[in-house]
Amino acid sequence: MTAVANAAAVMTFPSRQHTDCDETEYKIIGDSSKVLQMLDQIDIVGPADSTVLILGESGTGKELVARRIHQMSRRRNEPFVEVNCAAIPLGLLESELFGHERGAFTGAVVQRIGRFELATQGTLFLDEIGDIPLELQPKLLRALQEHEFERLGGTRTIKVDVRLVAATNRDLEQMMENREFRSDLYYRLNVFPIRIPPLRERPGDIPLLARYFIQKHGRQMNKKIESIPAAAMRKLSSWHWPGNIRELENFIERSVILTHGTALQAPIAELGNSGRNTPVSVRYEAYRDEIVRRLRDASGRVGGPDGAAARMGIKRTTLISRMSGWASTGALKYRDPLSSRPYRITIESKIAKPRHDRRRF
């Protein structure tokens, strides 16, 4: 009997046990073959001190994998320092990573310690490393190879002992071909790649994840939810989850909020009529319609806590990237809070597929 057929069964969470890691804090839920293969890779590389490159779409849990690797290493009691390279303005990223001396630039009134120094003896996690500007990549490469660098505006060479874990949702090989990413930096990062499968490639794990998130948010809201209706579980398992686990968790949290009683009351109508067996063109259109609806609900806002990206459980940059390949002749305006540029998204019936990584859908 499949996991979907057992949708209303008791809430149990079969999961693998791993040594030298806090299962409660860094639990990776799933028993599909792709997840088990990924866990084996983490077990192998965790105790080593090698650089790890985590590859996966937005919302798949790249930070969770990075923290698990850190917890399984000899550096587990040292700092774990995270930098989201896509969230820091380009002009500030060098200072954020390497620090700066007093007077290095206008406004630098005090010395600043960079993330590399803060992570010494520990692990530095560079999330969205594909967004590092080309002009900064040589300095990053030197820091990784020689374990040394100079602060911005400084002359003293600083030595560091840092393990690097990097992550990206972009195709770095394609970026190399487009001369957007240095090949020598890519090969330095790609020592031990780990690919996180998107949720649509592991539908058998959705019941386990759903029950886990129900328990998690149920405890936070003091609700005791004991079952998931079979129809709701079938819908959860058939949806393609473009926002992956982040989107699923947000949907479950919303469902728990709406639930009164012991059976989950999930707003499955929000998931549309698309499933794994739906033609790709129909899925594109359904996803486009979902974006349009979320933008309308958010009054055209893309970012922010109440923006369309947050409502879909994906990052602002991911949503903008997925919209950028569509025709821009429609009437629906949307706004990016980090830019003054006006945008529009088409709402006509014919849809153009996004240019960026069509496999995401």
# chains A, B, ... in the order shown; residues from 1 in each chain; ligands from 1
call {"tool": "select_by_dssp", "arguments": {"residues": "stretch 171-208 of chain A", "states": "helix (DSSP H, G or I)", "output": "ChimeraX atom specification"}}
result
/A:172-177,183-189,199-201,203-208
call {"tool": "select_by_dssp", "arguments": {"residues": "stretch 139-343 of chain A", "states": "strand (DSSP E)", "output": "PyMOL selection string"}}
result
chain A and resi 148-150+157-159+163-168+192-195+332-334+343
call {"tool": "closest_residue", "arguments": {"among": "A:Leu152, A:Leu236, A:Ile132, A:Ala263", "to": "A:Gly103", "atoms": "only C-alpha atoms"}}
result
A:Leu152
call {"tool": "atom_distance", "arguments": {"atom1": "atom CA of A:Arg316", "atom2": "atom CA of A:Arg67"}}
result
22.9 Å
call {"tool": "residues_around", "arguments": {"residues": "A:Thr168", "least_positions_apart": "4", "cutoff": "8 Å", "atoms": "only C-alpha atoms", "output": "list in words"}}
result
Leu53, Ile54, Leu55, Gly56, Glu57, Asp127, Glu128, Ile129 and Gly130 of chain A
call {"tool": "residues_around", "arguments": {"residues": "A:Arg102", "least_positions_apart": "5", "cutoff": "10 Å", "atoms": "only C-alpha atoms", "output": "ChimeraX atom specification"}}
result
/A:107-112,152-154
call {"tool": "atom_distance", "arguments": {"atom1": "atom CA of A:Asp297", "atom2": "atom CA of A:Ile214"}}
result
25.1 Å
call {"tool": "residues_around", "arguments": {"residues": "A:Asn84", "least_positions_apart": "5", "cutoff": "12 Å", "atoms": "only C-alpha atoms", "output": "CSV table (one decimal) with N, CA and C atoms, in the first residue's frame"}}
result
chain,number,residue,atom,x,y,z
A,62,LYS,N,19.0,23.7,1.1
A,62,LYS,CA,20.5,23.7,0.9
A,62,LYS,C,21.2,24.2,2.2
A,63,GLU,N,20.6,25.1,2.9
A,63,GLU,CA,21.2,25.5,4.2
A,63,GLU,C,21.2,24.4,5.2
A,89,PRO,N,24.2,43.9,-1.4
A,89,PRO,CA,24.5,44.7,-2.6
A,89,PRO,C,25.9,44.5,-3.1
A,90,LEU,N,26.1,44.5,-4.4
A,90,LEU,CA,27.4,44.2,-5.0
A,90,LEU,C,28.5,45.0,-4.4
A,93,LEU,N,29.7,43.5,-0.9
A,93,LEU,CA,30.0,42.1,-0.7
A,93,LEU,C,31.4,41.8,-0.4
A,96,GLU,N,31.9,42.6,3.1
A,96,GLU,CA,31.2,41.6,4.0
A,96,GLU,C,32.0,40.3,4.1
A,97,LEU,N,32.7,39.9,3.0
A,97,LEU,CA,33.4,38.7,3.0
A,97,LEU,C,34.8,38.8,3.7
A,115,ARG,N,33.5,38.0,7.1
A,115,ARG,CA,33.0,36.7,7.4
A,115,ARG,C,34.0,35.6,7.4
A,124,LEU,N,32.4,28.2,6.7
A,124,LEU,CA,31.8,29.3,6.0
A,124,LEU,C,30.9,28.8,4.9
A,125,PHE,N,29.6,29.2,5.0
A,125,PHE,CA,28.6,28.8,4.0
A,125,PHE,C,28.3,29.9,3.1
A,126,LEU,N,28.7,29.8,1.9
A,126,LEU,CA,28.4,30.9,0.9
A,126,LEU,C,27.1,30.4,0.1
A,127,ASP,N,26.0,30.9,0.4
A,127,ASP,CA,24.8,30.6,-0.3
A,127,ASP,C,24.6,31.5,-1.5
A,128,GLU,N,24.0,30.9,-2.6
A,128,GLU,CA,23.9,31.6,-3.8
A,128,GLU,C,25.2,32.1,-4.4
A,129,ILE,N,26.2,31.3,-4.4
A,129,ILE,CA,27.5,31.7,-4.8
A,129,ILE,C,27.6,32.0,-6.3
A,130,GLY,N,26.6,31.6,-7.0
A,130,GLY,CA,26.5,32.0,-8.5
A,130,GLY,C,26.2,33.4,-8.7
A,131,ASP,N,25.9,34.1,-7.6
A,131,ASP,CA,25.6,35.6,-7.7
A,131,ASP,C,26.8,36.5,-7.4
A,132,ILE,N,27.9,35.8,-7.1
A,132,ILE,CA,29.1,36.6,-6.8
A,132,ILE,C,29.6,37.3,-8.1
A,166,ALA,N,29.6,25.7,-0.2
A,166,ALA,CA,28.9,26.7,-1.1
A,166,ALA,C,27.6,26.1,-1.6
A,167,ALA,N,26.7,26.9,-2.0
A,167,ALA,CA,25.4,26.4,-2.6
A,167,ALA,C,25.0,27.4,-3.7
A,168,THR,N,24.2,26.8,-4.6
A,168,THR,CA,23.7,27.6,-5.7
A,168,THR,C,22.5,26.9,-6.3
A,315,LYS,N,12.2,32.6,-3.0
A,315,LYS,CA,13.0,33.9,-2.8
A,315,LYS,C,12.5,34.9,-3.9
A,317,THR,N,14.4,36.9,-5.6
A,317,THR,CA,15.2,36.8,-6.9
A,317,THR,C,14.8,35.6,-7.7
call {"tool": "residues_around", "arguments": {"residues": "A:Pro47", "least_positions_apart": "5", "cutoff": "9 Å", "atoms": "only C-alpha atoms", "output": "list in words"}}
result
Ile42, Ile69, His70, Gln71, Met72, Ser73, Arg74 and Arg75 of chain A
call {"tool": "atom_distance", "arguments": {"atom1": "atom CA of A:Val165", "atom2": "atom CA of A:Val52"}}
result
4.8 Å
call {"tool": "closest_residue", "arguments": {"among": "A:Glu226, A:Glu135, A:Asp31, A:Glu101", "to": "A:Glu150", "atoms": "only C-alpha atoms"}}
result
A:Glu101
